[in-house]
Every structure is written in C-alpha cells, then in structure tokens.
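Only one structure is covered here, and it is reproduced in the block below.
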Number of protein chains: 2
Amino acid sequence: MRNIKIVLEYEGTNYCGWQTQNRRSSCDVRRSTRSVQETLEKALLQILQKKTKVIGSGRTDSGVHAEAQVASFLTDTQMDLKQLSRALNGVLPKDIKIARIQEVSNKFHARFSAKSKLYRYTVVNNQYASPFIRQYAHLVKQPLDVKRMRQAAKYFLGRHDFRSFQAADKKQRHSVRKILLLDIKKRADLIQLYIEADGFLYKMARNIAGTLIEVGRGRLLPPDIAKILKTKDRKYAGPCAPARGLCLMRVKYKS
Amino acid sequence: MRNIKIVLEYEGTNYCGWQTQNRRSSCDVRRSTRSVQETLEKALLQILQKKTKVIGSGRTDSGVHAEAQVASFLTDTQMDLKQLSRALNGVLPKDIKIARIQEVSNKFHARFSAKSKLYRYTVVNNQYASPFIRQYAHLVKQPLDVKRMRQAAKYFLGRHDFRSFQAADKKQRHSVRKILLLDIKKRADLIQLYIEADGFLYKMARNIAGTLIEVGRGRLLPPDIAKILKTKDRKYAGPCAPARGLCLMRVKYKS
C-alpha cells in the first residue's frame, strides 16, 4: 500500500467542517451537513473505484477555511500522483482543491505526526467588509487598539492550561497546550492574528481571537489574559469569534 | 439639490451587471436578473424614502466585479454623508458596499465626466483555481507565455479602431478608443492584465484579454494583434474571456 499525503485548500463556508461528526457547534448556523472529509472520500471513490479512508491533520469547525490542510490516505493504486491529483480536482467541487500531493513513508500519520499548526484569524476593522473578503473575515466596526491586542497576545505565549479557552460544550481532559507564536499584523483595514500552537483545543483559536478583540475594544486589559488563563473557566474569556474569519494556514511535521 | 458621488465595491457574481437592460450577454449564463444599479436604487429608496436615480460611470457586464465603480445621484436630503453611507451599507446586500461618499459640484456626471477607466483581468495559470480566488479569476491550465503576451500587449497601446474587439452582437458606431496602459503582471500562478482606456466598447476588455490569452497559448503571434486591429472584424480576435476574471479597478475624472 502507498501512503499518500495531500495538501488541501478549501473555503469552509458551505461545509459542516472537516468531519461530519463535527456538528456540535453552538455559535454557528449550520449551512450544510456535508463535510470536507466525506467530499474528498467521495471523489476518491469515484476516481479509484475503491472506498478510501482519509485522515486529516485535525478537525476544522463548520465554516472554517484552510489554505493548507494536510490529509493522508492509503491506496494500492499505481496511478501517477500528478494524474491522480488532476483527476481528483476534476471531480471535487470548486471550493475544495488539492494543491500538492506526494507519497510518504508508512510511518507518516497526518494527525499524529503533526508537530504544530498555524491558524490565521482575519478581522476587518472598518464600517463595512469589502465584498471580496466578506466570507473570510469577521467585521468589527468599533476601532480596535492593536497595540493593546499585541500586549495581550504576549500572555498567551508558551505552555498553559487553556481550559478557559476551550469550547463550553466540549471539554477535553488534557487542556495544556503550547503557543509558539501569536503575531498580530495590521494592513489597511485588516487585522490578522497568526496563532501557532503544538495543538488546539476545540474552538481554542476562535476563543483566543474573540478575547483579543475584547482587549482591542477596551473591555479587557492585557494583564486580564493572565488572570483568565488562571481561572481555568471558560466564562471569563471573550466570546467565540465567528468561524468565517479563521483559516488553517499550515501544518508542520517532524521532518 | 446635492450631487453625491459614491465609490462602490461589488462582487458581480450574482448580478446581471450594472444595469438591468444589460442582459444581452451571449457568453454568460445569467444567474440573476438583479442589477447593481437597481439594488442601489432600492437601498436609496429605503433610506431616503424617495425614488432616486443613480448614474454609473458605465455598465459592467453580468458577473463582472468592481473594486471601485463610481456612481452619482441627486438628492435633497440634508443627512450627514457618513451617516448616509453607513445606513446604505446597512441595507445593501453583502456583495455590494459603498467605500466612499462625497458631495460634488453639480457639473460632475459619473459617466460624462469620466476621463479613463482601469480594468484588471485575472487569469489563474495552474492546474486548478484556488477556492479563494475562483470567483475572481479565469482558470487556464495550459502554461501561458507571458513574455509573448507582453509583446502582443504593446500593439494595443494608443488610439485604434477597436471594431475587431467589440461584442459581435452589439456594435457601436464610434469604435475608436485610446488604450493608455496595458500591463501584464505575473505573481505565482496569477497573471493579471491591467487595461486602461479612455473608454471601452461593449466586451472590449474581455475580448482583449481573450485574445492575449490566445497569444499566451501560442495560437496567435504578437504581430497578429496589428493585423486583427486592421481587419476591423470581430471574427479574427480571440474568444471573449469569462466575466468572472474582470474587475473595474478605477474610474479617473478630470480634476
């Protein structure tokens, strides 16, 4: 069997997330019951004429996008991989495309081999969201204090128990994660939060984004982040920022 | 009466174009019968409680986008313009937004005062179109020779009779136009054509884009452009490139 690694781009707007079971979301309107994973498996079945299970690097929530989600699958096809990728892109819908494909060692596991993930959260800080970015950004009309958001971001760096930042409705037993990077970039009316961690709890990226927006609004102060982390109680953090602003940018693996 | 100038952004995907009568398009599937203009007039009626006629700088075809379409309207409202713009954006759909608003002299006419227009045509030259750009770009899988496209572009510059590049089904009597700029930029898998002219015949920008793509494919040679212009016959130019790749970037006025 060959182990095939693929890098996927998808606009999550019309999907219930990476995985079908991932529909517990409380802060999203569910637009679809289709998952990215099952759409991909359907395309594989069509091209390879064989049921093929796809393993993703992790789940993305309903409505969340990916510029580079990683997945892998085992197959006995002898098809040339470039050909396979073209064939799959031919049958996949326009909002899911395979950007790269390669054969990897059988030790590679899209989920367990992942070392870290990088997400980007995009805020439009303006009176309106440009029609060209409206599906990929969260509109905040109140002017945000980016300097304060950057000060607050520092408190997230490093290893912490992120219990206060996990989804209220889905608690994981092991809630310690390490944030490796939390950069905030401002360009014209866009504020982009880049968050890299060795792992994310369910809704953690969006809860962090929502909390940093509260700091930007002046409703929380930068040192409040340390306090919120300490409480280990979801109710002290800010609201979960909408899915459409979030995009999985990169999954890093042990080389 | 106050003369109000607005700069609009819209994603044209779900519109039949700027104007409702603009539905003669033969190379588009008409997805909608709504026009941008009537959507705007409906919003003005809702906010100002008065029928208000909007004049655009010119028509954009069904499915064509605008990052900065200019329009104007006369009104006797005394409303603060920032407030008016916010109110209009509040009722406008998400794919049409007002970016700027200002009061101008009564001599200003969005159409007749326009000096030139700048369009951008975007081609994705790859095996697939990224889901994030698929609505705003035309996918061409065959590798295009950008150097040749640039050589061909030079033949368009200056004043010519563009009869060979106007829509087959809608001929204008005066078909002489002046192309002020035709730049081709390549960045990763995107090829972007920037075309500025003192005016555009119906489908002229897309026919030029389609013809330059034929040059990029090697089906036409750069000097063929001069010949095609000379024939004054639409049948010698390349096909009309799809609407989704076209975006009105700027309308320049006599200052």
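Residues are named by chain letter and number: chains run A, B, ... in the order of the structure tokens, numbers start at 1 in each chain, and ligands are numbered from 1 in the order shown.
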
Closest-contact table, chain A side, partner chain B, 10 Å, counting only C-alpha atoms, as a tab-separated table:
```
residue	atom	partner	partner_atom	distance
A:Leu8	CA	B:Ser130	CA	9.7
A:Glu9	CA	B:Pro131	CA	6.7
A:Tyr10	CA	B:Pro131	CA	5.9
A:Glu11	CA	B:Pro131	CA	5.9
A:Gly12	CA	B:Pro131	CA	9.6
A:His65	CA	B:Phe132	CA	9.3
A:Ala66	CA	B:Pro131	CA	9.7
A:Glu67	CA	B:Phe132	CA	8.5
A:Lys82	CA	B:Gln127	CA	10.0
A:Ser85	CA	B:Gln127	CA	9.4
A:Arg86	CA	B:Gln127	CA	7.1
A:Asn89	CA	B:Tyr128	CA	7.0
A:Gly90	CA	B:Tyr128	CA	8.5
A:Pro93	CA	B:Pro131	CA	9.2
A:Lys94	CA	B:Pro131	CA	6.0
A:Asp95	CA	B:Pro131	CA	4.6
A:Ile96	CA	B:Pro131	CA	6.2
A:Lys97	CA	B:Ser130	CA	6.8
A:Ile98	CA	B:Tyr128	CA	8.2
A:Ala99	CA	B:Tyr128	CA	8.0
A:Gln127	CA	B:Arg86	CA	7.1
A:Tyr128	CA	B:Asn89	CA	7.0
A:Ala129	CA	B:Lys97	CA	7.8
A:Ser130	CA	B:Lys97	CA	6.8
A:Pro131	CA	B:Asp95	CA	4.6
A:Phe132	CA	B:Glu11	CA	6.5
A:Ile133	CA	B:Phe132	CA	9.4
A:Arg134	CA	B:Lys94	CA	7.3
A:Gln135	CA	B:Phe132	CA	9.4
A:Tyr136	CA	B:Phe132	CA	8.8
```

Do a neighbour search on Ile6 in chain B at 8 Å with only C-alpha atoms, toss out local chain neighbours closer than 2 positions, and write the hits as a compact mmCIF listing (two decimals) with C-alpha atoms, in the first residue's frame.
```txt
# COMPACT_ATOMS: atom_id res chain seq x y z
CA ILE B 4 -23.48 62.92 -4.35
CA LEU B 8 -18.72 51.21 -4.84
CA VAL B 70 -18.23 55.33 -9.44
CA ALA B 71 -21.82 56.50 -9.40
CA SER B 72 -23.68 59.67 -8.55
CA ILE B 98 -20.16 51.82 -0.56
CA ALA B 99 -16.48 52.52 0.08
CA ARG B 100 -16.50 56.32 -0.18
CA ILE B 101 -19.04 59.11 -0.42
CA GLN B 102 -18.69 62.84 -1.05
```

Spatial neighbours of Met249 in chain B, max dist 6 Å, only C-alpha atoms, sep filter under 2 positions, as a list in words =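 These residues fall inside the cut-off: Glu67, Ala68, Leu118, Tyr119 and Cys247 of chain B.
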
Which neighbours of Pro222 in chain A fall inside 9 Å, counting only C-alpha atoms, when residues of the same chain fewer than 2 positions from it are skipped, and could you give them as a PDB file with all heavy atoms, in the first residue's frame?
```
ATOM      1  N   ARG A 148      -2.636  47.384  22.143  1.00  0.00           N
ATOM      2  CA  ARG A 148      -3.076  46.633  23.340  1.00  0.00           C
ATOM      3  C   ARG A 148      -3.275  45.153  23.031  1.00  0.00           C
ATOM      4  O   ARG A 148      -3.000  44.281  23.859  1.00  0.00           O
ATOM      5  CB  ARG A 148      -4.394  47.207  23.863  1.00  0.00           C
ATOM      6  CG  ARG A 148      -4.168  48.486  24.615  1.00  0.00           C
ATOM      7  CD  ARG A 148      -5.302  48.695  25.589  1.00  0.00           C
ATOM      8  NE  ARG A 148      -4.968  49.758  26.517  1.00  0.00           N
ATOM      9  CZ  ARG A 148      -5.836  50.336  27.322  1.00  0.00           C
ATOM     10  NH1 ARG A 148      -7.095  49.926  27.332  1.00  0.00           N
ATOM     11  NH2 ARG A 148      -5.460  51.276  28.141  1.00  0.00           N
ATOM     12  N   MET A 149      -3.805  44.879  21.840  1.00  0.00           N
ATOM     13  CA  MET A 149      -4.008  43.473  21.454  1.00  0.00           C
ATOM     14  C   MET A 149      -2.661  42.754  21.414  1.00  0.00           C
ATOM     15  O   MET A 149      -2.542  41.601  21.830  1.00  0.00           O
ATOM     16  CB  MET A 149      -4.713  43.386  20.097  1.00  0.00           C
ATOM     17  CG  MET A 149      -6.174  43.839  20.141  1.00  0.00           C
ATOM     18  SD  MET A 149      -6.917  44.028  18.495  1.00  0.00           S
ATOM     19  CE  MET A 149      -7.150  42.316  18.008  1.00  0.00           C
ATOM     20  N   ARG A 150      -1.634  43.459  20.916  1.00  0.00           N
ATOM     21  CA  ARG A 150      -0.290  42.861  20.860  1.00  0.00           C
ATOM     22  C   ARG A 150       0.266  42.624  22.258  1.00  0.00           C
ATOM     23  O   ARG A 150       0.923  41.607  22.512  1.00  0.00           O
ATOM     24  CB  ARG A 150       0.652  43.773  20.064  1.00  0.00           C
ATOM     25  CG  ARG A 150       0.368  43.722  18.575  1.00  0.00           C
ATOM     26  CD  ARG A 150       1.495  44.381  17.766  1.00  0.00           C
ATOM     27  NE  ARG A 150       1.162  44.299  16.343  1.00  0.00           N
ATOM     28  CZ  ARG A 150       1.008  45.352  15.526  1.00  0.00           C
ATOM     29  NH1 ARG A 150       1.195  46.580  15.994  1.00  0.00           N
ATOM     30  NH2 ARG A 150       0.699  45.177  14.265  1.00  0.00           N
ATOM     31  N   GLN A 151       0.009  43.575  23.177  1.00  0.00           N
ATOM     32  CA  GLN A 151       0.466  43.376  24.563  1.00  0.00           C
ATOM     33  C   GLN A 151      -0.219  42.152  25.167  1.00  0.00           C
ATOM     34  O   GLN A 151       0.403  41.324  25.826  1.00  0.00           O
ATOM     35  CB  GLN A 151       0.143  44.622  25.407  1.00  0.00           C
ATOM     36  CG  GLN A 151       1.040  45.816  25.100  1.00  0.00           C
ATOM     37  CD  GLN A 151       0.484  47.132  25.653  1.00  0.00           C
ATOM     38  OE1 GLN A 151      -0.608  47.170  26.218  1.00  0.00           O
ATOM     39  NE2 GLN A 151       1.235  48.211  25.473  1.00  0.00           N
ATOM     40  N   ALA A 152      -1.512  42.055  24.910  1.00  0.00           N
ATOM     41  CA  ALA A 152      -2.284  40.931  25.454  1.00  0.00           C
ATOM     42  C   ALA A 152      -1.814  39.602  24.869  1.00  0.00           C
ATOM     43  O   ALA A 152      -1.756  38.575  25.565  1.00  0.00           O
ATOM     44  CB  ALA A 152      -3.767  41.140  25.162  1.00  0.00           C
ATOM     45  N   ALA A 153      -1.453  39.638  23.573  1.00  0.00           N
ATOM     46  CA  ALA A 153      -1.042  38.406  22.885  1.00  0.00           C
ATOM     47  C   ALA A 153       0.128  37.740  23.597  1.00  0.00           C
ATOM     48  O   ALA A 153       0.210  36.507  23.655  1.00  0.00           O
ATOM     49  CB  ALA A 153      -0.692  38.721  21.432  1.00  0.00           C
ATOM     50  N   LYS A 154       1.012  38.552  24.144  1.00  0.00           N
ATOM     51  CA  LYS A 154       2.217  38.014  24.809  1.00  0.00           C
ATOM     52  C   LYS A 154       1.876  37.063  25.953  1.00  0.00           C
ATOM     53  O   LYS A 154       2.628  36.132  26.234  1.00  0.00           O
ATOM     54  CB  LYS A 154       3.086  39.157  25.330  1.00  0.00           C
ATOM     55  CG  LYS A 154       3.813  39.878  24.206  1.00  0.00           C
ATOM     56  CD  LYS A 154       4.704  40.983  24.753  1.00  0.00           C
ATOM     57  CE  LYS A 154       5.208  41.862  23.606  1.00  0.00           C
ATOM     58  NZ  LYS A 154       5.573  43.202  24.077  1.00  0.00           N
ATOM     59  N   TYR A 155       0.758  37.331  26.639  1.00  0.00           N
ATOM     60  CA  TYR A 155       0.379  36.491  27.782  1.00  0.00           C
ATOM     61  C   TYR A 155      -0.009  35.067  27.362  1.00  0.00           C
ATOM     62  O   TYR A 155      -0.043  34.168  28.172  1.00  0.00           O
ATOM     63  CB  TYR A 155      -0.785  37.120  28.563  1.00  0.00           C
ATOM     64  CG  TYR A 155      -0.387  38.375  29.299  1.00  0.00           C
ATOM     65  CD1 TYR A 155      -0.504  39.620  28.698  1.00  0.00           C
ATOM     66  CD2 TYR A 155       0.123  38.313  30.600  1.00  0.00           C
ATOM     67  CE1 TYR A 155      -0.140  40.779  29.366  1.00  0.00           C
ATOM     68  CE2 TYR A 155       0.495  39.465  31.272  1.00  0.00           C
ATOM     69  CZ  TYR A 155       0.361  40.696  30.649  1.00  0.00           C
ATOM     70  OH  TYR A 155       0.733  41.825  31.316  1.00  0.00           O
ATOM     71  N   LEU A 212      -9.012  38.494  22.295  1.00  0.00           N
ATOM     72  CA  LEU A 212      -8.125  39.585  21.869  1.00  0.00           C
ATOM     73  C   LEU A 212      -8.927  40.748  21.274  1.00  0.00           C
ATOM     74  O   LEU A 212      -8.555  41.913  21.429  1.00  0.00           O
ATOM     75  CB  LEU A 212      -7.078  39.073  20.874  1.00  0.00           C
ATOM     76  CG  LEU A 212      -5.965  38.231  21.513  1.00  0.00           C
ATOM     77  CD1 LEU A 212      -5.075  37.593  20.442  1.00  0.00           C
ATOM     78  CD2 LEU A 212      -5.119  39.079  22.465  1.00  0.00           C
ATOM     79  N   VAL A 215     -10.038  42.805  24.067  1.00  0.00           N
ATOM     80  CA  VAL A 215      -8.945  43.677  24.515  1.00  0.00           C
ATOM     81  C   VAL A 215      -8.867  44.892  23.584  1.00  0.00           C
ATOM     82  O   VAL A 215      -8.759  46.033  24.043  1.00  0.00           O
ATOM     83  CB  VAL A 215      -7.593  42.920  24.535  1.00  0.00           C
ATOM     84  CG1 VAL A 215      -6.437  43.866  24.825  1.00  0.00           C
ATOM     85  CG2 VAL A 215      -7.624  41.790  25.565  1.00  0.00           C
ATOM     86  N   LEU A 220     -11.385  44.477  27.978  1.00  0.00           N
ATOM     87  CA  LEU A 220     -10.451  43.715  28.808  1.00  0.00           C
ATOM     88  C   LEU A 220      -9.094  44.408  28.684  1.00  0.00           C
ATOM     89  O   LEU A 220      -8.809  45.052  27.672  1.00  0.00           O
ATOM     90  CB  LEU A 220     -10.307  42.275  28.294  1.00  0.00           C
ATOM     91  CG  LEU A 220     -11.447  41.291  28.521  1.00  0.00           C
ATOM     92  CD1 LEU A 220     -11.175  39.986  27.761  1.00  0.00           C
ATOM     93  CD2 LEU A 220     -11.651  40.991  30.010  1.00  0.00           C
ATOM     94  N   ASP A 224      -5.346  41.034  31.937  1.00  0.00           N
ATOM     95  CA  ASP A 224      -6.507  40.175  32.217  1.00  0.00           C
ATOM     96  C   ASP A 224      -6.316  38.776  31.612  1.00  0.00           C
ATOM     97  O   ASP A 224      -6.901  37.795  32.096  1.00  0.00           O
ATOM     98  CB  ASP A 224      -7.799  40.788  31.662  1.00  0.00           C
ATOM     99  CG  ASP A 224      -8.241  42.012  32.463  1.00  0.00           C
ATOM    100  OD1 ASP A 224      -7.886  42.101  33.661  1.00  0.00           O
ATOM    101  OD2 ASP A 224      -8.923  42.872  31.886  1.00  0.00           O
ATOM    102  N   ILE A 225      -5.525  38.690  30.558  1.00  0.00           N
ATOM    103  CA  ILE A 225      -5.302  37.393  29.914  1.00  0.00           C
ATOM    104  C   ILE A 225      -4.696  36.401  30.921  1.00  0.00           C
ATOM    105  O   ILE A 225      -5.146  35.246  31.020  1.00  0.00           O
ATOM    106  CB  ILE A 225      -4.380  37.533  28.672  1.00  0.00           C
ATOM    107  CG1 ILE A 225      -4.968  38.528  27.663  1.00  0.00           C
ATOM    108  CG2 ILE A 225      -4.108  36.169  28.019  1.00  0.00           C
ATOM    109  CD1 ILE A 225      -6.319  38.170  27.099  1.00  0.00           C
ATOM    110  N   ALA A 226      -3.695  36.881  31.663  1.00  0.00           N
ATOM    111  CA  ALA A 226      -3.054  36.012  32.663  1.00  0.00           C
ATOM    112  C   ALA A 226      -4.085  35.537  33.685  1.00  0.00           C
ATOM    113  O   ALA A 226      -4.121  34.349  34.045  1.00  0.00           O
ATOM    114  CB  ALA A 226      -1.925  36.766  33.356  1.00  0.00           C
TER     115      ALA A 226
END
```

Tell me, as a list in words, which residues lie within 10 Å of Ala167 in chain A, counting only C-alpha atoms; anything in the same chain fewer than 5 positions away does not count.
->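 The residues satisfying every condition are Ser25, Ser26, Gln172, Leu201, Tyr202, Lys203, Met204, Arg206, Asn207, Arg234 and Cys240 of chain A.
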
How would the residues just picked look written out with N, CA and C atoms as a PDB file, in the first residue's frame?
```pdb
ATOM      1  N   SER A  25     -21.339  22.445  16.944  1.00  0.00           N
ATOM      2  CA  SER A  25     -21.122  23.880  17.019  1.00  0.00           C
ATOM      3  C   SER A  25     -22.359  24.625  17.518  1.00  0.00           C
ATOM      4  N   SER A  26     -22.155  25.471  18.491  1.00  0.00           N
ATOM      5  CA  SER A  26     -23.285  26.216  19.014  1.00  0.00           C
ATOM      6  C   SER A  26     -23.294  27.643  18.485  1.00  0.00           C
ATOM      7  N   GLN A 172     -12.039  18.918  26.837  1.00  0.00           N
ATOM      8  CA  GLN A 172     -11.046  17.879  26.682  1.00  0.00           C
ATOM      9  C   GLN A 172     -10.322  17.692  28.017  1.00  0.00           C
ATOM     10  N   LEU A 201      -7.230  23.136  21.327  1.00  0.00           N
ATOM     11  CA  LEU A 201      -8.464  22.571  21.876  1.00  0.00           C
ATOM     12  C   LEU A 201      -9.608  23.004  20.965  1.00  0.00           C
ATOM     13  N   TYR A 202     -10.728  22.320  21.095  1.00  0.00           N
ATOM     14  CA  TYR A 202     -11.893  22.661  20.293  1.00  0.00           C
ATOM     15  C   TYR A 202     -12.274  24.130  20.539  1.00  0.00           C
ATOM     16  N   LYS A 203     -12.339  24.915  19.474  1.00  0.00           N
ATOM     17  CA  LYS A 203     -12.674  26.354  19.476  1.00  0.00           C
ATOM     18  C   LYS A 203     -11.624  27.258  20.119  1.00  0.00           C
ATOM     19  N   MET A 204     -10.462  26.697  20.477  1.00  0.00           N
ATOM     20  CA  MET A 204      -9.440  27.496  21.163  1.00  0.00           C
ATOM     21  C   MET A 204      -8.974  28.702  20.338  1.00  0.00           C
ATOM     22  N   ARG A 206     -10.510  30.363  17.992  1.00  0.00           N
ATOM     23  CA  ARG A 206     -11.547  31.395  17.893  1.00  0.00           C
ATOM     24  C   ARG A 206     -11.852  32.049  19.235  1.00  0.00           C
ATOM     25  N   ASN A 207     -11.680  31.301  20.320  1.00  0.00           N
ATOM     26  CA  ASN A 207     -11.891  31.907  21.636  1.00  0.00           C
ATOM     27  C   ASN A 207     -10.756  32.877  21.969  1.00  0.00           C
ATOM     28  N   ARG A 234     -14.115  28.850  31.329  1.00  0.00           N
ATOM     29  CA  ARG A 234     -14.482  29.414  30.038  1.00  0.00           C
ATOM     30  C   ARG A 234     -15.238  30.729  30.146  1.00  0.00           C
ATOM     31  N   CYS A 240     -16.616  33.551  21.441  1.00  0.00           N
ATOM     32  CA  CYS A 240     -16.027  32.792  20.335  1.00  0.00           C
ATOM     33  C   CYS A 240     -16.180  33.626  19.051  1.00  0.00           C
TER      34      CYS A 240
END
```

What's the 6 Å shell around range 181-186 of chain A, counting only C-alpha atoms, without same-chain residues fewer than 6 positions away, as a ChimeraX atom specification?
-> /A:192-196

Could you state the separation of CA of Arg217 in chain A and CA of Phe165 in chain A in Å, given to one decimal place?
->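 These atoms are spaced 18.7 Å apart.
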